[in-house]
Each structure stands twice: as C-alpha cells, then as structure tokens.
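> Take this structure first; my questions come after.
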Amino acid sequence: MRKSIQGICLLAVLAVAGPAAADSMRCGSKLMTDGDPANKVLAYCGEPAAIERREILRPWGYHSGVTIHSTYEVSVELWTYNFGPNKLMYRLRFEDGLLVDVETLTHGYHDAGAGI
C-alpha cells in the first residue's frame with residue numbers, strides 16, 4: 001500500500017512539473033527546433049508579430065592551441081510570435097538564418113491590427 005501511495009505521489013509531481021524545457025515551438029502539427037532554417041519557420045508559423053535585426057561580432061577562437069585574435073560578423077534576427085491572449089508568446093533567435101534559441105514569453109495580447 002505504501003509503495004502505491006509513493007508511486008501516485010511521484011506521478012502527481014511529474015505531472016505538475018511537466019516536460020523539461022526544450023528549445024522548440026509548435027506551429028500546428030509541426031515542431032520548430034534548433035537548427036531549423038528561417039524559411040521553414042516562416043512557412044509553418046507565418047509572419048511573426050515583430051522582427052529585430054542586428055549584426056554581432058564573434059571571435060574565431062582557437063586553432064592548433066593558439067588564440068586567434070580576429071572576429072567574424074553574424075547576422076542575428078529575433079522573431080516574436082504572438083498567438084493571442086490564450087496562448088504563450090515566443091521569441092525565436094536566428095543566427096545566419098538558422099534557429100538557435102526559442103524563448104517562451106508571457107501570454108500574448110489582442111493585436112488590434114490583426115483583428116483577433
């Protein structure tokens with residue numbers, strides 16, 4: 001009896017905790033994950049509510065144990081998706097056209113321009 005109560009308690013804790021946080025966002029039946037190209041996300045999820053663009057400089061790193069003191073430019077885009085007040089918003093970070101991070105934000109809002 002005691003083991004069954006412990007098992008039920010464990011299941012309850014796992015159910016409340018939910019799945020581990022992952023870098024992904026679902027659009028319909030499709031899952032957008034790290035490494036996906038921007039055009040795939042656009043095709044399945046549509047236009048984001050906002051896009052921020054910038055360039056960053058990233059150091060090259062090491063080569064044969066020697067630090068290389070040069071940088072290269074990376075194109076960064078932050079796309080924000082607002083799916084309305086009953087769903088969470090997401091901010092997707094693309095570097096050189098590939099998805100590298102998905103951040104879950106607060107609940108969305110009514111977009112007066114979209115007629116939601």
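If you're wondering about the labels, chains in the structure tokens are A, B, ... by order shown, residues count from 1 in each chain, ligands from 1 in order shown.
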Could you name the residues that touch A:Met89 at 10 Å or less, counting only C-alpha atoms, but leaving out those on the same chain fewer than 5 positions away, as a list in words?

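The residues satisfying every condition are Met25, Ala49, Thr80, Tyr81, Asn82, Phe83, Gly84, Glu103, Thr104, Leu105, Thr106, His107, Gly108 and Tyr109 of chain A.
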
> Closest to A:Glu55 among A:Leu31, A:Phe94, A:Val100, A:Ala112, using only C-alpha atoms?

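Closest residue, counting only C-alpha atoms: A:Phe94.
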
> Contacts of A:Val74 at 9 Å or less, counting only C-alpha atoms, minus same-chain residues fewer than 3 places along, as a list in words?

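Returned residues: Arg54, Glu55, Ile56, Leu57, Arg58, Glu95 and Asp96 of chain A.
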
> Which residues come within 12 Å of A:Ile51, counting only C-alpha atoms, excluding same-chain residues fewer than 4 positions away, as a PyMOL selection string?

chain A and resi 38+42+47+76-82+90-94

> Give me, as a list of chain:residue names, all polymer residues having an atom no more than 9 Å from A:Thr33, counting only C-alpha atoms and skipping those fewer than 6 positions away in the same chain.

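Everything that qualifies: A:Ala22, A:Asp23, A:Ser24, A:Met25, A:Arg26, A:Leu99, A:Val100, A:Asp101, A:Val102.
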